[in-house]
$ cat data-v4.cif   # mmCIF, C-alpha atoms
data_query
loop_
_atom_site.label_atom_id
_atom_site.label_comp_id
_atom_site.auth_asym_id
_atom_site.auth_seq_id
_atom_site.Cartn_x
_atom_site.Cartn_y
_atom_site.Cartn_z
CA MET A 30 61.64 16.65 16.37
CA ILE A 31 61.51 13.53 14.18
CA ASN A 32 63.06 10.45 15.77
CA VAL A 33 64.85 8.13 13.36
CA LEU A 34 66.25 4.83 14.61
CA PHE A 35 69.25 3.36 12.82
CA SER A 36 69.04 -0.43 13.12
CA ALA A 37 72.10 -1.97 11.48
CA ARG A 38 75.48 -3.30 12.51
CA PRO A 39 77.85 -0.79 14.18
CA ALA A 40 80.17 -0.50 11.18
CA LEU A 41 77.29 0.80 9.08
CA TRP A 42 76.49 3.43 11.71
CA ASP A 43 80.01 4.76 11.31
CA GLU A 44 79.49 4.89 7.55
CA TYR A 45 75.98 6.37 7.50
CA ALA A 46 75.65 8.67 10.52
CA ALA A 47 77.23 11.79 9.00
CA PRO A 48 75.72 11.43 5.48
CA LEU A 49 72.25 10.87 6.97
CA GLN A 50 72.52 13.92 9.19
CA ASP A 51 73.64 15.99 6.21
CA ALA A 52 70.80 14.68 4.04
CA PHE A 53 68.17 15.39 6.69
CA ALA A 54 69.49 18.93 7.11
CA GLN A 55 69.49 19.52 3.35
CA ALA A 56 65.86 18.34 3.23
CA GLY A 57 64.94 20.87 5.94
CA LEU A 58 64.11 18.16 8.48
CA SER A 59 64.73 18.40 12.21
CA VAL A 60 65.80 14.86 13.02
CA SER A 61 67.19 13.07 16.03
CA LEU A 62 69.11 10.15 14.54
CA SER A 63 70.17 7.46 17.00
CA ARG A 64 70.74 3.75 17.51
CA GLU A 65 69.13 3.93 20.95
CA HIS A 66 65.72 5.59 20.72
CA ALA A 67 63.07 3.95 22.89
CA PRO A 68 60.72 1.95 20.61
CA GLU A 69 57.66 4.00 21.58
CA ASP A 70 59.42 7.23 20.48
CA VAL A 71 60.55 6.07 17.03
CA ASN A 72 58.94 7.65 13.96
CA TYR A 73 61.09 6.03 11.26
CA ILE A 74 63.47 3.07 11.14
CA VAL A 75 66.48 2.74 8.85
CA PHE A 76 66.86 -1.01 8.69
CA ALA A 77 69.36 -3.69 7.74
CA PRO A 78 68.81 -7.41 8.45
CA ASN A 79 71.98 -7.56 10.54
CA GLY A 80 70.70 -4.86 12.92
CA PRO A 81 69.18 -5.32 16.39
CA VAL A 82 65.48 -4.84 15.55
CA LYS A 83 63.75 -8.13 14.86
CA ASP A 84 60.40 -7.52 16.55
CA PHE A 85 58.58 -4.43 15.28
CA THR A 86 55.63 -4.74 17.65
CA PRO A 87 56.83 -2.09 20.18
CA TYR A 88 57.32 0.53 17.46
CA VAL A 89 53.76 1.80 17.68
CA ARG A 90 54.51 5.32 16.36
CA THR A 91 56.72 4.20 13.48
CA ARG A 92 55.32 5.34 10.15
CA LEU A 93 57.84 3.82 7.76
CA VAL A 94 60.63 1.21 7.82
CA MET A 95 63.29 1.92 5.19
CA GLY A 96 65.58 -0.89 4.10
CA LEU A 97 69.18 -0.16 3.23
CA TRP A 98 69.26 -2.89 0.55
CA ALA A 99 67.37 -3.46 -2.68
CA GLY A 100 66.33 -6.95 -1.57
CA VAL A 101 63.72 -7.38 1.16
CA GLU A 102 63.35 -11.17 1.31
CA THR A 103 64.77 -11.29 4.85
CA ILE A 104 62.17 -8.90 6.27
CA VAL A 105 59.05 -9.02 4.09
CA GLY A 106 57.77 -12.14 5.84
CA ASN A 107 58.25 -10.77 9.37
CA LYS A 108 54.78 -11.03 10.88
CA THR A 109 55.53 -8.36 13.50
CA LEU A 110 56.11 -5.80 10.75
CA THR A 111 52.80 -4.02 10.21
CA GLN A 112 54.35 -0.67 9.30
CA LEU A 113 54.91 0.46 5.71
CA LEU A 114 58.14 -0.91 4.25
CA ALA A 115 60.27 0.75 1.57
CA ARG A 116 63.13 -0.92 -0.23
CA MET A 117 66.25 0.94 -1.31
CA VAL A 118 66.47 2.18 -4.88
CA ASP A 119 69.82 3.94 -4.81
CA PRO A 120 71.16 5.60 -7.98
CA ALA A 121 74.72 4.63 -7.06
CA LEU A 122 73.73 1.00 -6.45
CA THR A 123 72.04 0.98 -9.86
CA GLN A 124 75.10 2.45 -11.57
CA GLY A 125 77.40 -0.06 -9.88
CA MET A 126 75.20 -2.93 -11.02
CA VAL A 127 75.16 -1.62 -14.58
CA GLU A 128 78.96 -1.51 -14.58
CA TRP A 129 79.30 -5.07 -13.23
CA VAL A 130 76.73 -6.50 -15.64
CA VAL A 131 78.09 -4.70 -18.69
CA GLY A 132 81.66 -5.62 -17.78
CA HIS A 133 80.99 -9.32 -17.38
CA THR A 134 78.64 -9.47 -20.35
CA LEU A 135 81.38 -8.01 -22.53
CA ARG A 136 83.91 -10.36 -20.95
CA HIS A 137 81.89 -13.39 -22.02
CA HIS A 138 80.87 -11.86 -25.36
CA LEU A 139 84.48 -11.14 -26.34
CA GLY A 140 85.85 -14.42 -24.97
CA MET A 141 88.36 -12.55 -22.84
CA ASP A 142 88.97 -15.42 -20.42
CA ALA A 143 90.59 -17.54 -23.13
CA HIS A 144 93.23 -14.90 -23.73
CA ILE A 145 93.72 -14.01 -20.06
CA ALA A 146 94.25 -17.66 -19.12
CA GLY A 147 95.97 -18.67 -22.36
CA GLN A 148 99.29 -16.83 -22.18
CA ASP A 149 101.27 -19.84 -23.42
CA GLY A 150 103.18 -18.38 -26.36
CA VAL A 151 100.75 -19.68 -29.00
CA TRP A 152 99.33 -17.05 -31.39
CA ARG A 153 95.63 -17.88 -31.87
CA ASN A 154 93.78 -15.41 -34.06
CA THR A 155 91.44 -17.70 -35.94
CA VAL A 156 88.26 -17.01 -33.96
CA TYR A 157 86.61 -13.61 -33.85
CA PRO A 158 83.64 -12.86 -31.57
CA PRO A 159 80.33 -11.94 -33.19
CA LEU A 160 79.19 -8.36 -33.05
CA ALA A 161 76.93 -7.41 -30.19
CA GLN A 162 73.98 -7.23 -32.58
CA ASP A 163 74.30 -10.99 -33.15
CA ARG A 164 74.42 -11.97 -29.46
CA PRO A 165 70.91 -12.16 -27.92
CA VAL A 166 70.85 -11.26 -24.22
CA THR A 167 68.01 -11.90 -21.78
CA VAL A 168 67.58 -10.02 -18.51
CA LEU A 169 65.29 -11.70 -15.99
CA GLY A 170 63.82 -8.98 -13.78
CA LEU A 171 62.89 -5.51 -14.98
CA GLY A 172 62.92 -3.54 -11.76
CA ALA A 173 65.21 -0.55 -11.38
CA LEU A 174 68.36 -2.66 -11.69
CA GLY A 175 67.23 -4.92 -14.51
CA ALA A 176 65.79 -2.09 -16.56
CA ALA A 177 68.99 -0.05 -16.23
CA CYS A 178 71.23 -3.00 -17.12
CA GLY A 179 69.08 -4.01 -20.07
CA SER A 180 69.02 -0.47 -21.41
CA ALA A 181 72.80 -0.14 -21.12
CA LEU A 182 73.36 -3.38 -23.04
CA ALA A 183 70.85 -2.36 -25.70
CA GLN A 184 72.77 0.88 -26.19
CA LEU A 185 75.85 -1.21 -26.94
CA GLY A 186 73.95 -2.98 -29.70
CA PHE A 187 72.90 -6.21 -28.00
CA PRO A 188 69.37 -7.38 -28.81
CA VAL A 189 67.97 -7.47 -25.27
CA THR A 190 64.87 -9.30 -24.11
CA GLY A 191 63.63 -8.45 -20.64
CA TRP A 192 61.25 -10.57 -18.61
CA SER A 193 59.15 -9.69 -15.57
CA ARG A 194 56.20 -11.30 -13.85
CA SER A 195 53.92 -8.39 -14.78
CA PRO A 196 53.99 -6.52 -18.11
CA LYS A 197 56.53 -3.72 -18.59
CA GLN A 198 57.37 -1.40 -21.45
CA ILE A 199 60.99 -0.21 -21.71
CA ALA A 200 62.28 1.59 -24.77
CA GLY A 201 64.82 -0.45 -26.73
CA LEU A 202 63.99 -3.74 -25.03
CA ARG A 203 61.72 -6.60 -26.07
CA CYS A 204 59.65 -6.99 -22.92
CA LEU A 205 57.88 -10.24 -22.06
CA SER A 206 55.98 -11.34 -18.97
CA GLY A 207 54.18 -14.27 -17.39
CA ASP A 208 54.99 -17.98 -17.51
CA ASP A 209 54.68 -18.21 -21.29
CA GLY A 210 56.84 -15.13 -21.69
CA LEU A 211 59.59 -16.65 -19.54
CA GLY A 212 60.04 -19.57 -21.90
CA ARG A 213 60.08 -17.25 -24.90
CA ALA A 214 62.60 -14.96 -23.19
CA LEU A 215 65.00 -17.81 -22.50
CA ALA A 216 64.66 -19.60 -25.85
CA GLY A 217 67.89 -19.11 -27.77
CA ALA A 218 69.41 -16.64 -25.32
CA GLU A 219 73.20 -16.62 -25.43
CA ILE A 220 73.70 -14.60 -22.25
CA VAL A 221 71.21 -14.64 -19.37
CA ILE A 222 71.37 -12.14 -16.50
CA LEU A 223 69.35 -12.76 -13.34
CA LEU A 224 68.11 -9.68 -11.48
CA LEU A 225 64.84 -10.98 -10.04
CA PRO A 226 63.82 -10.62 -6.41
CA LEU A 227 63.90 -13.87 -4.47
CA THR A 228 60.39 -15.05 -3.63
CA PRO A 229 58.78 -18.50 -3.46
CA LYS A 230 57.67 -17.95 -7.07
CA THR A 231 61.14 -17.04 -8.37
CA GLU A 232 63.21 -19.64 -6.51
CA ASN A 233 64.94 -22.00 -8.96
CA THR A 234 63.85 -19.89 -11.93
CA LEU A 235 66.78 -21.38 -13.83
CA ASP A 236 66.16 -25.11 -13.45
CA THR A 237 66.98 -28.03 -15.74
CA ALA A 238 64.09 -27.42 -18.13
CA ARG A 239 64.71 -23.68 -18.48
CA LEU A 240 68.47 -24.02 -18.85
CA ALA A 241 67.77 -26.38 -21.75
CA LEU A 242 66.01 -23.52 -23.55
CA LEU A 243 69.19 -21.47 -23.80
CA ALA A 244 71.33 -21.47 -26.90
CA PRO A 245 74.10 -24.10 -26.81
CA GLY A 246 77.18 -22.52 -25.30
CA ALA A 247 75.26 -19.85 -23.42
CA TYR A 248 76.55 -17.92 -20.43
CA VAL A 249 74.77 -17.20 -17.14
CA LEU A 250 75.36 -14.16 -14.93
CA ASN A 251 73.75 -14.02 -11.50
CA PRO A 252 74.20 -10.79 -9.55
CA GLY A 253 70.64 -11.13 -8.19
CA ARG A 254 70.01 -13.82 -5.57
CA GLY A 255 71.57 -17.27 -5.19
CA GLY A 256 68.24 -19.03 -4.86
CA LEU A 257 67.24 -18.03 -8.39
CA ILE A 258 69.38 -20.88 -9.77
CA ASP A 259 69.07 -24.61 -9.20
CA ASP A 260 72.76 -25.20 -8.50
CA ASP A 261 72.72 -28.91 -9.39
CA ALA A 262 70.98 -28.12 -12.69
CA LEU A 263 73.55 -25.46 -13.56
CA ILE A 264 76.48 -27.73 -12.74
CA ALA A 265 74.96 -30.44 -14.94
CA ALA A 266 74.44 -27.95 -17.80
CA LEU A 267 78.06 -26.85 -17.47
CA ALA A 268 79.24 -30.47 -17.50
CA SER A 269 77.34 -31.17 -20.71
CA GLY A 270 78.66 -27.99 -22.33
CA HIS A 271 75.18 -26.68 -23.00
CA VAL A 272 76.12 -23.77 -20.72
CA ALA A 273 79.66 -22.65 -21.52
CA GLY A 274 80.25 -20.60 -18.41
CA ALA A 275 78.77 -18.73 -15.47
CA THR A 276 79.76 -15.71 -13.44
CA LEU A 277 78.03 -15.85 -10.08
CA ASP A 278 77.96 -13.13 -7.45
CA THR A 279 75.22 -14.37 -5.11
CA PHE A 280 74.71 -17.74 -3.45
CA ARG A 281 72.30 -19.62 -1.22
CA THR A 282 74.92 -19.67 1.54
CA GLU A 283 77.26 -16.73 1.97
CA PRO A 284 80.17 -16.69 2.29
CA LEU A 285 80.22 -19.51 -0.25
CA PRO A 286 81.67 -22.57 1.55
CA ALA A 287 85.25 -23.36 0.59
CA ASP A 288 84.29 -26.87 -0.53
CA HIS A 289 81.48 -25.75 -2.83
CA PRO A 290 82.00 -27.08 -6.38
CA TYR A 291 81.64 -23.61 -7.88
CA TRP A 292 85.03 -22.57 -6.51
CA ALA A 293 87.01 -25.20 -8.42
CA HIS A 294 84.85 -25.38 -11.53
CA PRO A 295 86.86 -24.26 -14.58
CA ALA A 296 83.81 -22.66 -16.23
CA VAL A 297 82.61 -20.72 -13.19
CA VAL A 298 83.85 -17.38 -11.91
CA VAL A 299 82.83 -16.55 -8.34
CA THR A 300 82.66 -12.94 -7.24
CA PRO A 301 81.94 -12.47 -3.50
CA HIS A 302 78.64 -10.53 -3.60
CA ILE A 303 80.35 -7.37 -4.79
CA ALA A 304 78.44 -6.68 -8.01
CA SER A 305 77.14 -3.51 -6.39
CA THR A 306 76.31 -2.08 -3.02
CA THR A 307 74.35 0.77 -1.51
CA ARG A 308 76.48 3.90 -1.11
CA ALA A 309 75.95 5.95 2.03
CA ALA A 310 75.99 9.37 0.36
CA SER A 311 73.34 8.66 -2.26
CA ALA A 312 71.27 6.26 -0.13
CA SER A 313 71.03 8.89 2.60
CA GLN A 314 69.45 11.27 0.12
CA VAL A 315 66.82 8.63 -0.73
CA ILE A 316 66.07 8.05 2.97
CA ALA A 317 65.78 11.76 3.70
CA GLU A 318 63.45 12.25 0.75
CA ASN A 319 61.16 9.48 1.99
CA VAL A 320 60.98 11.01 5.45
CA ARG A 321 60.25 14.40 3.90
CA ARG A 322 57.49 12.92 1.77
CA VAL A 323 55.76 11.15 4.64
CA GLU A 324 56.00 14.21 6.86
CA ALA A 325 54.40 16.25 4.06
CA GLY A 326 51.57 13.74 3.68
CA ASP A 327 52.85 12.32 0.38
CA PRO A 328 53.24 8.59 -0.35
CA PRO A 329 56.77 7.26 0.18
CA LEU A 330 58.91 6.06 -2.69
CA ASN A 331 59.73 2.41 -3.41
CA LEU A 332 57.03 0.85 -1.23
CA VAL A 333 57.18 -2.94 -1.00
CA ASP A 334 54.18 -4.96 -2.13
CA ARG A 335 54.00 -7.31 0.83
CA ALA A 336 51.84 -9.83 -1.01
CA ALA A 337 54.20 -10.00 -3.99
CA GLY A 338 57.27 -10.06 -1.75
CA TYR A 339 59.15 -7.16 -3.35
#
$ encode --input "data-v4.cif" --output "structure tokens"
Amino acid sequence: MINVLFSARPALWDEYAAPLQDAFAQAGLSVSLSREHAPEDVNYIVFAPNGPVKDFTPYVRTRLVMGLWAGVETIVGNKTLTQLLARMVDPALTQGMVEWVVGHTLRHHLGMDAHIAGQDGVWRNTVYPPLAQDRPVTVLGLGALGAACGSALAQLGFPVTGWSRSPKQIAGLRCLSGDDGLGRALAGAEIVILLLPLTPKTENTLDTARLALLAPGAYVLNPGRGGLIDDDALIAALASGHVAGATLDTFRTEPLPADHPYWAHPAVVVTPHIASTTRAASASQVIAENVRRVEAGDPPLNLVDRAAGY
């Protein structure tokens, strides 16, 4: 019998218990799934930061800790965690992110807000948006989410530049890397989408100097992590008009405080960290496959590079 501990808030147990049991059975695994296994009996941990496990030291037989979220910044620095750590790469989460990014990119590209907010009886048909082929888009972060979003936008005709810390090759995208590549990726971009992990090296990726590289009137979308943007720098760029607008889904403090200037800013749209989420049905299949792989002596999927932080 394989003992799997579910360490997350109770509401997630209600959501995941049945799909996980089904996925384990489909994978041919004999699993005891519980929130109450004794630490010394646990073979695998399904983990969320809001769960009860904070100290991994007693889990001496645990072979793999599997996060429920794509981001691991809240756990990767835990010094008690010596076990292997896998992040969640969920096909449904990826699809949801693609839909959010494409939707808001098209919203800005087509200037939809002006018509939605401008129902004042005045017929204004003097300005037409450019075609997608004339609107350069930059995606910062070319992991599973960034690569999928960049590819979807490229299929719509946008010239897409993707940037990552290490070199990548993705069909249909201009891929850049490293510090020099970051400046080149941002230079002249009209829409910038942030999908980087949050690490000490990526914090404040969009600061005053880098925002100045964007094309005048650019738009910023951040469904990644709040700390990727220097908030004061973005507000200043919005005030000057150099950045025309921003749609922000993630923030340094969540929920975003009611008195935060983003809420009342006319050029900012706040979405409450709903760009995408892990879905229990598909995520359970990923978890079951990782348990199956480890039990068979194969390397698990989506292992976190602890030194890199993602």
$ closest_residue --input "data-v4.cif" --among "A:Leu202, A:Val71, A:Leu135, A:Ala77" --to "A:Thr190" --atoms "all atoms listed in the file"
A:Leu202
$ resolve_selection --input "data-v4.cif" --expression "the PyMOL selection byres ((chain A and resi 157) around 12)" --output "JSON, numbers by chain"
{"A": [138, 139, 140, 141, 153, 154, 155, 156, 158, 159, 160]}
$ closest_atom_pairs --input "data-v4.cif" --of "stretch 119-212 of chain A" --to "stretch 290-310 of chain A" --cutoff "8 Å" --atoms "all atoms listed in the file" --output "CSV"
residue,atom,partner,partner_atom,distance
A:Asp119,CA,A:Thr307,CA,6.4
A:Ala121,CA,A:Arg308,CA,6.2
A:Leu122,CA,A:Thr307,CA,5.0
A:Thr123,CA,A:Ser305,CA,7.6
A:Gly125,CA,A:Ser305,CA,4.9
A:Met126,CA,A:Ser305,CA,5.1
A:Trp129,CA,A:Ala304,CA,5.5
A:Val130,CA,A:Ala304,CA,7.8
$ atom_distance --input "data-v4.cif" --atom1 "atom CA of A:Leu171" --atom2 "atom CA of A:Leu113"
23.0 Å
$ residues_around --input "data-v4.cif" --residues "stretch 244-256 of chain A" --least-positions-apart "3" --cutoff "6 Å" --atoms "all atoms listed in the file" --output "number ranges by chain"
A: 217-224, 232, 271-281
$ atom_distance --input "data-v4.cif" --atom1 "atom CA of A:Gln55" --atom2 "atom CA of A:Arg92"
21.2 Å
$ atom_distance --input "data-v4.cif" --atom1 "atom CA of A:Ser193" --atom2 "atom CA of A:Leu330"
20.3 Å
$ resolve_selection --input "data-v4.cif" --expression "the PyMOL selection byres ((chain A and resi 95-109) around 9)" --output "ChimeraX atom specification"
/A:37,73-78,83-86,93-94,110-119,122,226-228,253-254,306-307,312,316,319,333-336,338-339
$ write_last_selection --input "data-v4.cif" --atoms "C-alpha atoms" --output "CSV table (one decimal), in the frame of the given file"
chain,number,residue,atom,x,y,z
A,37,ALA,CA,72.1,-2.0,11.5
A,73,TYR,CA,61.1,6.0,11.3
A,74,ILE,CA,63.5,3.1,11.1
A,75,VAL,CA,66.5,2.7,8.8
A,76,PHE,CA,66.9,-1.0,8.7
A,77,ALA,CA,69.4,-3.7,7.7
A,78,PRO,CA,68.8,-7.4,8.4
A,83,LYS,CA,63.8,-8.1,14.9
A,84,ASP,CA,60.4,-7.5,16.6
A,85,PHE,CA,58.6,-4.4,15.3
A,86,THR,CA,55.6,-4.7,17.6
A,93,LEU,CA,57.8,3.8,7.8
A,94,VAL,CA,60.6,1.2,7.8
A,110,LEU,CA,56.1,-5.8,10.8
A,111,THR,CA,52.8,-4.0,10.2
A,112,GLN,CA,54.4,-0.7,9.3
A,113,LEU,CA,54.9,0.5,5.7
A,114,LEU,CA,58.1,-0.9,4.2
A,115,ALA,CA,60.3,0.8,1.6
A,116,ARG,CA,63.1,-0.9,-0.2
A,117,MET,CA,66.2,0.9,-1.3
A,118,VAL,CA,66.5,2.2,-4.9
A,119,ASP,CA,69.8,3.9,-4.8
A,122,LEU,CA,73.7,1.0,-6.4
A,226,PRO,CA,63.8,-10.6,-6.4
A,227,LEU,CA,63.9,-13.9,-4.5
A,228,THR,CA,60.4,-15.0,-3.6
A,253,GLY,CA,70.6,-11.1,-8.2
A,254,ARG,CA,70.0,-13.8,-5.6
A,306,THR,CA,76.3,-2.1,-3.0
A,307,THR,CA,74.4,0.8,-1.5
A,312,ALA,CA,71.3,6.3,-0.1
A,316,ILE,CA,66.1,8.0,3.0
A,319,ASN,CA,61.2,9.5,2.0
A,333,VAL,CA,57.2,-2.9,-1.0
A,334,ASP,CA,54.2,-5.0,-2.1
A,335,ARG,CA,54.0,-7.3,0.8
A,336,ALA,CA,51.8,-9.8,-1.0
A,338,GLY,CA,57.3,-10.1,-1.8
A,339,TYR,CA,59.2,-7.2,-3.4
$ residues_around --input "data-v4.cif" --residues "stretch 46-51 of chain A" --least-positions-apart "3" --cutoff "10 Å" --atoms "all atoms listed in the file" --output "list of chain:residue names"
A:Phe35, A:Leu41, A:Trp42, A:Asp43, A:Ala54, A:Gln55, A:Ala56, A:Gly57, A:Leu58, A:Ser59, A:Val60, A:Ser61, A:Leu62, A:Ser63, A:Arg64, A:Ala309, A:Ala310, A:Ser311, A:Ala312, A:Ser313, A:Gln314, A:Val315, A:Ile316, A:Ala317
$ closest_residue --input "data-v4.cif" --among "A:Ile31, A:Leu215, A:Val166, A:Ala177" --to "A:Val189" --atoms "all atoms listed in the file"
A:Val166
$ resolve_selection --input "data-v4.cif" --expression "the PyMOL selection byres ((chain A and resi 183) around 12)" --output "VMD selection string"
chain A and resid 127 131 134 161 to 168 176 to 182 184 to 191 199 to 203
$ closest_residue --input "data-v4.cif" --among "A:Gly326, A:Tyr88, A:Gly270, A:Asn233" --to "A:His66" --atoms "only C-alpha atoms"
A:Tyr88
$ residues_around --input "data-v4.cif" --residues "A:Glu69" --least-positions-apart "5" --cutoff "7 Å" --atoms "only C-alpha atoms" --output "list in words"
Pro87, Tyr88, Val89 and Arg90 of chain A
$ closest_residue --input "data-v4.cif" --among "A:Ala241, A:Val320, A:Leu235, A:Leu174" --to "A:Val33" --atoms "only C-alpha atoms"
A:Val320
